[in-house]
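Engineer: If you scroll down you'll find the structure; I have some questions about it.
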Amino acid sequence: MEFSAKQIAEILNGKVEGDDKVMISDLSKIEDGTPGTLTFLANPIYTHYVYTTQASIVVVNEDFVPDNPIKSTLIKVKDAYSAFAQLLEQYNQIRLDKKGISSNAFISTSAVIGQNVYIGDLVFIGDNVKIGDNVKIYPMSYIGDNVQIKNNSTIFAGVKIYSDCKIGSNCNIHSGVIIGGDGFGFAPQKDLVYKKVSQIGNVILEDDVEIGANTTIDRATLGSTIIHKGVKLDNLIQIAHNVEIGENTVIAALTGISGSTKIGKNCMIGGQVGIVGHITIADNVKIAAQSGVASCITESGSVFQGSPAFELVKYQKSYVHFRNLTKIVQRIDELEKKIKLLEK
Amino acid sequence: MEFSAKQIAEILNGKVEGDDKVMISDLSKIEDGTPGTLTFLANPIYTHYVYTTQASIVVVNEDFVPDNPIKSTLIKVKDAYSAFAQLLEQYNQIRLDKKGISSNAFISTSAVIGQNVYIGDLVFIGDNVKIGDNVKIYPMSYIGDNVQIKNNSTIFAGVKIYSDCKIGSNCNIHSGVIIGGDGFGFAPQKDLVYKKVSQIGNVILEDDVEIGANTTIDRATLGSTIIHKGVKLDNLIQIAHNVEIGENTVIAALTGISGSTKIGKNCMIGGQVGIVGHITIADNVKIAAQSGVASCITESGSVFQGSPAFELVKYQKSYVHFRNLTKIVQRIDELEKKIKLLEK
Amino acid sequence: MEFSAKQIAEILNGKVEGDDKVMISDLSKIEDGTPGTLTFLANPIYTHYVYTTQASIVVVNEDFVPDNPIKSTLIKVKDAYSAFAQLLEQYNQIRLDKKGISSNAFISTSAVIGQNVYIGDLVFIGDNVKIGDNVKIYPMSYIGDNVQIKNNSTIFAGVKIYSDCKIGSNCNIHSGVIIGGDGFGFAPQKDLVYKKVSQIGNVILEDDVEIGANTTIDRATLGSTIIHKGVKLDNLIQIAHNVEIGENTVIAALTGISGSTKIGKNCMIGGQVGIVGHITIADNVKIAAQSGVASCITESGSVFQGSPAFELVKYQKSYVHFRNLTKIVQRIDELEKKIKLLEK
């Protein structure tokens, strides 16, 4: 699709300076702009690029006054960043606008499918599944028996959702995500053999949850593993059985949360963090990347680091000394020598 | 399916107290029990819930004597926990009781398939594959050429098993697991380019192995990567080429074992542990989460922590001092001042 | 397939000692050799095995003179290791020699497919995809709209490539890899809710790139996430949006690189390393396993360790002292006692 500067100015409620007939078909970064693309200038650090960019159109703030001639057509708007984000979103909606139910999808006759859905080729939908309106399920996703997916959620290619799990509305689940695999529960026997504990619970994702590629969320032994409203999980995260993650908490890649742990609301958890099982983390807690949390964090707003983790400020002070340990030991050597002299 | 208290008491060889006609169709946790569900009371800590639970049936130990009136029907058995685990297992067997070979599976004519199997839609089974009796293969799993899967194993949706690998009996392999991808072997050339070393070995899983979602096990360069009998691997674990893991060892999520390392029997390895290549870990070793093992552990029963890891007890003592390093340095500052005074 | 010692000697330009009619059909390690297999002896540490191996043929260096009788047929060549690697590669080429386009693949009519390709069962190829010559795509891989894959690349079973991504020539992408999922970008709102930032960029893999099983590479917010020529990524690695990885850099399993970070050429990054976003790592840098890199590394050839990471040599010295902290504190205790005595 192609749009003229004039058309885009209308969408953004902006004013054109330059050729309003120039056409664009893609978006670009200002430093990488090529002819036929539109970019934006919001951060003053990038201002010098506006004079050299090859982009056909640059969206700028309405108070922007160039110091030099500019080849690109300008579109002046109130807030260039917001305007550009709006274009990004519209572009994405067009890009992801898949529709229709493939005749090459395998859908149980007992499944109930909503209006205006996309179900791609090679999708499997089991018995008694309920799919809401405007749901998109890309090719090669597996939706087990009795699963429910509410309105407006998108399941990208190759997601596997085991039976009985529930997905809220407006969720995005990326490729390779596994929801509802068995919790890691084994009872040691007298002969050191482990006996599997059956895992008959499920996973519940509330509304507005995003799950990154290849993340795994295990079903509860009994009851539910619960990811509350607005939680955002990055790629390759492990959420064990019976975990509960509070509203609007965000977790970065490669982090693992062990069984039955409860994380509060609005927490920020860095990448490669490990959290042991059966503990509680308060609301608004921040945990630095690669930390290991070995016990409850009870105070809202705590900031932790280390393995095992303690208060970040203290960790960082200790770590400065750790880096200096060779010098510290030299000081002790020196003290011992001096003491020896004094003792004589 | 619905069962009456009377029917369940017969299965469990228990005694009903209360309405033996009450029906249940699901299992629940005692604190979350709802009408129509059955729960259990084994741990005395939870005793107070028995007076408030909404569950229709509670399985209790035969010596349990209530202090207050109870709404639920009780079933008294010798060991309430075992009885409940037995119900869990039976429930799970019913839930997972899939049968038959889909006409939408793609099965090579040279494959040999056992009795009483489940092969779901969109499964691919390559040339010369051998599938034992009672094997279940869920939709979208890929079984490469010459793979063998022995009796009673379950392959959940979307597993990929490369050619020539061997899976024992009674194994459970969860969604997204990749078995037999190439080992990470490259020979550096003079121009800093890496040349791939062909990886022609395979992976062998012995009997009773469980592999969690999205775990990857690489094929050997030559010979076999071997996961011995009874090993349990959690989700998102990396097992490199030519690794060998001893019987009944359990490993938690996000751990990585590098090439050619041999792990002993009955080890317990925490989450996010890293183990370098070409080393040996003795039997019965425990390694704390997030540890990094950089050299052989030769003593059976060792317990290690840290990165690089050493004896856990020593690590934890050192870590207490690490947390106190600011105070320790203050003590040294103080000593230096005092020495200076004394030296005058 | 079976080959005689004579045939193999001709391929390797070697000289047979012993029965030149003995047949082999597989390759083996010298310590595990069985009749009907060929092995090699290059490392003198393994020389004693040549007298006991059951392998039918052993490839040895031309200057090898046995001290004892050998049952196996020997093939003497200039460089036994290289000769064996050559056989490995030829064996692998035969093993992986898949051809033809399955009638059970789902290929958009607008896709352009090269010569001599393999496209397996249950593959999905979207609109406007371009596939080069000699490309192999194994079953259950998903190639989104507008994706390009250049000549001689292999996509193993169950790879998912989102729309608009570009794959170079001679790449190997292993099962479960996800290329082009959304970057983890969310703008915090006033009510602590996160609003998704649309991710409309793509991923570019240049030539000769290898990606291990279940690794994830996110698409750029705008522009491209770029994996340059010759990069080798192990399994379960996370590459975030807008990251750039320089030529011939190798990265071990379970490492995560955060958004917009640029890694130089010829770097070696260990397993379970974490690197924060928006930083630059110079060329030829080595980072030890489990390290956390929190700021730019500007000097070419630096070697770093720790979390946060600093120079490896300094880290290792500090860590020796860390292990001794209990003794170090005892020395301080002792000093304090002595000072007290002296002060009296």
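FYI, nothing fancy with the structure tokens labels: chains A, B, ... in order, residues from 1 per chain, ligands from 1 as they appear.
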Residues of chain C were defined as contacting chain B if any atom lay at most 6 Å from it, counting only C-alpha atoms; please report them as number ranges by chain.
Structural biologist: C: 88-89, 248, 325-326
Engineer: Keeping only all heavy atoms, write those residues as a PDB file, in the first residue's frame.
Structural biologist:
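Output contents, as saved in result_14.pdb:
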```pdb
ATOM      1  N   LEU C  88      32.646 -37.975   8.024  1.00  0.00           N
ATOM      2  CA  LEU C  88      31.490 -37.516   8.808  1.00  0.00           C
ATOM      3  C   LEU C  88      30.585 -36.649   7.942  1.00  0.00           C
ATOM      4  O   LEU C  88      29.367 -36.797   7.922  1.00  0.00           O
ATOM      5  CB  LEU C  88      31.951 -36.648   9.984  1.00  0.00           C
ATOM      6  CG  LEU C  88      32.257 -37.280  11.329  1.00  0.00           C
ATOM      7  CD1 LEU C  88      32.573 -36.190  12.340  1.00  0.00           C
ATOM      8  CD2 LEU C  88      31.093 -38.123  11.819  1.00  0.00           C
ATOM      9  N   GLU C  89      31.238 -35.698   7.244  1.00  0.00           N
ATOM     10  CA  GLU C  89      30.485 -34.738   6.463  1.00  0.00           C
ATOM     11  C   GLU C  89      29.752 -35.439   5.316  1.00  0.00           C
ATOM     12  O   GLU C  89      28.587 -35.138   5.052  1.00  0.00           O
ATOM     13  CB  GLU C  89      31.449 -33.690   5.912  1.00  0.00           C
ATOM     14  CG  GLU C  89      30.784 -32.350   5.700  1.00  0.00           C
ATOM     15  CD  GLU C  89      31.805 -31.281   5.335  1.00  0.00           C
ATOM     16  OE1 GLU C  89      32.846 -31.191   6.022  1.00  0.00           O
ATOM     17  OE2 GLU C  89      31.556 -30.564   4.363  1.00  0.00           O
ATOM     18  N   ASN C 248      31.022 -13.758  12.767  1.00  0.00           N
ATOM     19  CA  ASN C 248      31.776 -14.856  13.373  1.00  0.00           C
ATOM     20  C   ASN C 248      31.813 -14.834  14.895  1.00  0.00           C
ATOM     21  O   ASN C 248      32.698 -15.417  15.508  1.00  0.00           O
ATOM     22  CB  ASN C 248      33.215 -14.884  12.836  1.00  0.00           C
ATOM     23  CG  ASN C 248      33.249 -15.081  11.338  1.00  0.00           C
ATOM     24  OD1 ASN C 248      32.455 -15.838  10.803  1.00  0.00           O
ATOM     25  ND2 ASN C 248      34.120 -14.360  10.655  1.00  0.00           N
ATOM     26  N   LEU C 325      36.802 -15.701  52.615  1.00  0.00           N
ATOM     27  CA  LEU C 325      36.350 -14.580  53.449  1.00  0.00           C
ATOM     28  C   LEU C 325      36.272 -14.937  54.929  1.00  0.00           C
ATOM     29  O   LEU C 325      36.560 -14.107  55.794  1.00  0.00           O
ATOM     30  CB  LEU C 325      34.992 -14.049  52.952  1.00  0.00           C
ATOM     31  CG  LEU C 325      35.078 -12.967  51.855  1.00  0.00           C
ATOM     32  CD1 LEU C 325      33.679 -12.565  51.394  1.00  0.00           C
ATOM     33  CD2 LEU C 325      35.834 -11.724  52.354  1.00  0.00           C
ATOM     34  N   THR C 326      35.914 -16.190  55.220  1.00  0.00           N
ATOM     35  CA  THR C 326      35.830 -16.575  56.629  1.00  0.00           C
ATOM     36  C   THR C 326      37.197 -16.425  57.295  1.00  0.00           C
ATOM     37  O   THR C 326      37.319 -15.845  58.390  1.00  0.00           O
ATOM     38  CB  THR C 326      35.318 -18.030  56.742  1.00  0.00           C
ATOM     39  OG1 THR C 326      34.026 -18.080  56.136  1.00  0.00           O
ATOM     40  CG2 THR C 326      35.211 -18.471  58.198  1.00  0.00           C
TER      41      THR C 326
END
```
Engineer: Excluding same-chain residues fewer than 5 positions from Ser260 in chain C, what lies within 6 Å of it counting only C-alpha atoms, as a list in words?
Structural biologist: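 Contacts, with the query itself left out: Asn242, Val243, Gly277 and His278 of chain C.
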Engineer: With all C-alpha atoms matched in order and chain B superposed on chain A by least squares, what's the RMSD to one decimal?
Structural biologist: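 C-alpha RMSD, chain B fitted to chain A: 0.1 Å.
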Engineer: Quick check, in Å to one decimal: how far apart do CA of Thr47 in chain C and CA of Gln189 in chain B lie?
Structural biologist: 26.5 Å
